[in-house]
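A short worksheet on the structure shown next.
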Amino acid sequence: MGLIIFLNGEFVPEERAVVSVFDHGLLYGDGVFEGIRAYYGRVFKLGDHLDRLYESARTIMLQIPLSKAEMQEVVLETLRRNNQRDAYIRLVVSRGAGDLGLDPQKCPRPTIFCITATIQLYPDELYEKGLEVITVSTRRNIAEACNPRVKSLNYLNNIYAKIEANLAGVPEAILLNAEGYVAEATGDNIFIVKNGVLITPPAYAGILEGITRNTIMEIARRKGIPVEEKLFTLHDVYIADECFMTGTAAEAIPTVKVDGRLIGNGRPGEMTWELIKAFRELTKVDGPLIYPGEAAAACSCNCGCSCRGE
Ligand code: PXG
């Protein structure tokens with residue numbers, strides 16, 4: 001059965017969920033978006049995703065005609081209309097239809113849509129074995145041009161890198177920033193572990209501040225693991241004890257080979273696994289419930305999930 005999509009205030013079957021060819025999201029990549037996950041009947045870190053969506057919109061001077069509370073309800077109601085408890089959610093606000101010129105002032109009404117789909121995950125085997133990645137020649141956009149901190153619809157920079165990864169036959173690629181420091185992957189943030197310290201590039205390295213990234217840092221700090229946001233180079237990656245990538249789709253995935261160099265002993269690291277496990281536990285309890293009545297009917301197995309003891 002087809003999906004029900006939220007589009008500009010209506011819930012419509014997917015074959016009717018179409019936007020104008022004059023939409024500047026399509027013509028120019030002028031818009032913002034979020035990729036969000038629902039787990040166990042809750043939308044994980046929904047508040048953080050909405051904050052980032054509205055922050056991205058603010059920077060590109062796109063006025064979203066819904067409050068955050070209304071937007072939260074859009075996400076929850078789309079999930080309900082599709083009877084979903086676990087999903088990958090794509091929330092998009094584009095500049096809307098205008099004329100064929102660039103001028104955003106000619107676009108009176110933003111286009112808003114929400115798709116709640118099933119997710120294509122990396123196979124379990126990749127989590128057990130770890131990813132092989134390469135560094136690509138494409139550099140991450142400089143902040144003064146198309147700021148990577150804005151989650152805009154303009155992803156050509158990342159797509160160039162993805163094409164290089166595809167050509168090399170690997171699933172992800174590391175991008176350096178214009179200064180040659182490690183920035184991030186095409187759709188994931190990067191972490192390394194060295195001598196017990198968890199290290200990830202800072203926002204000013206020119207990255208998207210991933211919500212998974214922030215959650216992993218929070219979990220690590222709670223566990224007493226030292227965390228540093230600092231610039232590092234490829235040499236630091238090659239000599240790291242552990243490496244992993246984080247993103248809404250991948251969660252956290254061990255990375256064991258970079259540009260042909262084995263990382264550590266070439267197997268997923270211990271700290272990486274400790275963090276992945278803690279992250280997966282958090283997905284059971286974080287975020288607003290899709291079906292609010294379920295709060296009282298919490299599971300009897302006491303695992304924090306929403307299985308209701310079934
Ligand atoms: N960096 C970039 C450039 C991203 O696009 C992340 C990091 C991770 O952020 P979160 O908040 O998810 O932890 C992202 C988000 C894909 C795909 O198909 C990935 C993203 C967005 C859209 C598509 O791989 N990742």
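Simple scheme: letters A, B, ... for chains in structure tokens order, numbers from 1 for residues in each chain, numbers from 1 for ligands in the order shown.
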Within 7 Å of ligand 1: each chain A residue with its shortest pair, only C-alpha atoms and all ligand atoms, as CSV:
```
residue,atom,partner,partner_atom_place_in_ligand_line,distance
A:Gly35,CA,ligand 1,21 (C),5.7
A:Pro148,CA,ligand 1,3 (C),6.9
A:Lys151,CA,ligand 1,5 (O),7.0
A:Asn158,CA,ligand 1,3 (C),6.7
A:Glu184,CA,ligand 1,1 (N),6.2
A:Ala185,CA,ligand 1,1 (N),6.3
A:Thr186,CA,ligand 1,3 (C),5.3
A:Gly187,CA,ligand 1,4 (C),3.7
A:Asp188,CA,ligand 1,7 (C),3.7
A:Asn189,CA,ligand 1,7 (C),4.6
A:Ile207,CA,ligand 1,1 (N),6.4
A:Leu208,CA,ligand 1,1 (N),4.7
A:Glu209,CA,ligand 1,9 (O),6.5
A:Gly210,CA,ligand 1,9 (O),3.4
A:Ile211,CA,ligand 1,11 (O),3.7
A:Thr212,CA,ligand 1,13 (O),3.6
A:Arg213,CA,ligand 1,13 (O),5.5
A:Thr246,CA,ligand 1,13 (O),5.9
A:Gly247,CA,ligand 1,13 (O),3.6
A:Thr248,CA,ligand 1,12 (O),3.6
A:Ala249,CA,ligand 1,12 (O),6.6
```
For this session: Might you pull out every residue within 6 Å of A:Ser94, with only C-alpha atoms counted and same-chain residues fewer than 5 positions away left off, and present them as a ChimeraX atom specification?
Result: /A:25,31,110-111
Problem set entry | DSSP-assigned helix (DSSP H, G or I) among stretch 132-256 of chain A, expressed as a PyMOL selection string | chain A and resi 156-168+203-205+211-222+234-238
Any chance you could tabulate, as CSV, the residues of stretch 61-161 of chain A at most 6 Å from stretch 257-264 of chain A with each one's nearest atom pair and distance in Å to one decimal, using only C-alpha atoms, in chain and rising number order?
```
residue,atom,partner,partner_atom,distance
A:Glu132,CA,A:Lys257,CA,4.6
A:Val133,CA,A:Val258,CA,5.1
A:Ile134,CA,A:Asp259,CA,4.6
```
Just write the chosen residues, N, CA, C and O atoms, as a CSV table (one decimal), in the first residue's frame.
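Final output, saved to again_30.csv:
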```
chain,number,residue,atom,x,y,z
A,132,GLU,N,34.7,0.2,5.2
A,132,GLU,CA,35.9,0.7,4.6
A,132,GLU,C,35.5,2.0,3.9
A,132,GLU,O,34.5,2.0,3.2
A,133,VAL,N,36.3,3.0,4.1
A,133,VAL,CA,36.0,4.3,3.4
A,133,VAL,C,37.3,4.9,2.8
A,133,VAL,O,38.4,4.4,3.1
A,134,ILE,N,37.1,5.9,1.9
A,134,ILE,CA,38.2,6.6,1.4
A,134,ILE,C,38.1,8.1,1.6
A,134,ILE,O,37.0,8.5,1.9
```
Seminar exercise, completed: From the list A:Leu175, A:Ala38, A:Leu50, A:Ile112, the nearest residue to A:Val18 using only C-alpha atoms is A:Ile112
Exercise. Looking only at the backbone, which of the residues in stretch 21-264 of chain A does DSSP tag as strand (DSSP E or B), as a ChimeraX atom specification?
Worked result: /A:23,31-39,42-43,87-94,97,111-117,131-135,152,172-176,182-185,189-194,197-200,227-229,242-247,251-258,261-262
For this session: Write out as a PyMOL selection string the residues lying within 12 Å of A:Leu275, counting only C-alpha atoms and excluding same-chain residues fewer than 5 positions away.
Result: chain A and resi 191+193+198+212-213+215-225+243-246+251-254+268-270+280-282
Problem set entry | Length of the atom CA of A:Ser67 to atom CA of A:Tyr40 vector [Å] |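 So the two atoms, atom CA of A:Ser67 and atom CA of A:Tyr40, lie 25.8 Å apart.
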Problem set entry | Residues within 9 Å of A:Tyr54, only C-alpha atoms, excluding chain neighbours under 6 positions, as a VMD selection string | chain A and resid 32 62 to 64 68
For this session: Tell me which of A:Arg81, A:Gln72, A:Val21, A:Asn166 sits closest to A:Lys45, counting only C-alpha atoms.
Result: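 Result for the nearest residue to A:Lys45: A:Gln72.
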For this session: Considering only C-alpha atoms, state which residue in the set A:Gly98, A:Thr272, A:Ile239, A:Val197 is at the smallest distance from A:Val227.
Result: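 Using only C-alpha atoms, A:Val227 sits closest to A:Val197.
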Could you pull the residues within 8 Å of A:Asp30, counting only C-alpha atoms, minus those fewer than 3 positions along the same chain, as a short mmCIF file (atom, residue, chain, number, x, y, z; two decimals) with N, CA, C and O atoms, in the first residue's frame?
```cif
data_model
loop_
_atom_site.label_atom_id
_atom_site.label_comp_id
_atom_site.auth_asym_id
_atom_site.auth_seq_id
_atom_site.Cartn_x
_atom_site.Cartn_y
_atom_site.Cartn_z
N HIS A 24 11.34 26.45 -6.15
CA HIS A 24 12.77 26.78 -6.10
C HIS A 24 13.59 25.73 -5.33
O HIS A 24 14.82 25.72 -5.43
N GLY A 25 12.91 24.88 -4.58
CA GLY A 25 13.62 23.74 -3.99
C GLY A 25 14.17 22.85 -5.10
O GLY A 25 15.31 22.38 -5.03
N LEU A 26 13.37 22.66 -6.12
CA LEU A 26 13.77 21.86 -7.29
C LEU A 26 14.69 22.64 -8.23
O LEU A 26 15.73 22.15 -8.66
N LEU A 27 14.33 23.88 -8.53
CA LEU A 27 15.10 24.65 -9.53
C LEU A 27 16.48 25.04 -9.01
O LEU A 27 17.44 25.10 -9.77
N SER A 94 10.69 23.96 1.36
CA SER A 94 11.39 24.62 0.26
C SER A 94 10.85 26.04 0.12
O SER A 94 9.83 26.39 0.71
N ARG A 95 11.56 26.83 -0.69
CA ARG A 95 11.15 28.24 -0.88
C ARG A 95 9.78 28.33 -1.53
O ARG A 95 9.08 29.32 -1.39
N SER A 152 20.67 22.46 4.09
CA SER A 152 19.88 22.95 2.96
C SER A 152 19.65 21.85 1.95
O SER A 152 20.26 20.78 2.02
N LEU A 153 18.79 22.13 0.98
CA LEU A 153 18.50 21.17 -0.09
C LEU A 153 19.63 21.12 -1.12
O LEU A 153 19.58 20.33 -2.05
N ASN A 154 20.64 21.96 -0.92
CA ASN A 154 21.75 22.02 -1.86
C ASN A 154 22.83 21.03 -1.43
O ASN A 154 23.73 21.38 -0.66
#
```
For this session: For each of A:Arg80, A:Gly206, A:Glu274, A:Met71, take the minimum atom-to-atom distance to A:Cys146, counting only C-alpha atoms, then give the residue where this is smallest.
Result: A:Gly206
Problem set entry | Which of A:Arg58, A:Arg42, A:Lys106, A:Arg139 sits closest to A:Gly180 [using only C-alpha atoms] | A:Arg139
Problem set entry | Minimum-distance residue to A:Asn141, chosen among A:Phe113, A:Gln120, A:Glu125, A:Ala178 (using only C-alpha atoms) |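 Closest to A:Asn141 of all the choices is A:Ala178.
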Problem set entry | A:Leu79 environment, 8 Å, only C-alpha atoms, sequence neighbours closer than 5 positions dropped, as a ChimeraX atom specification | /A:84-85,87,116,290
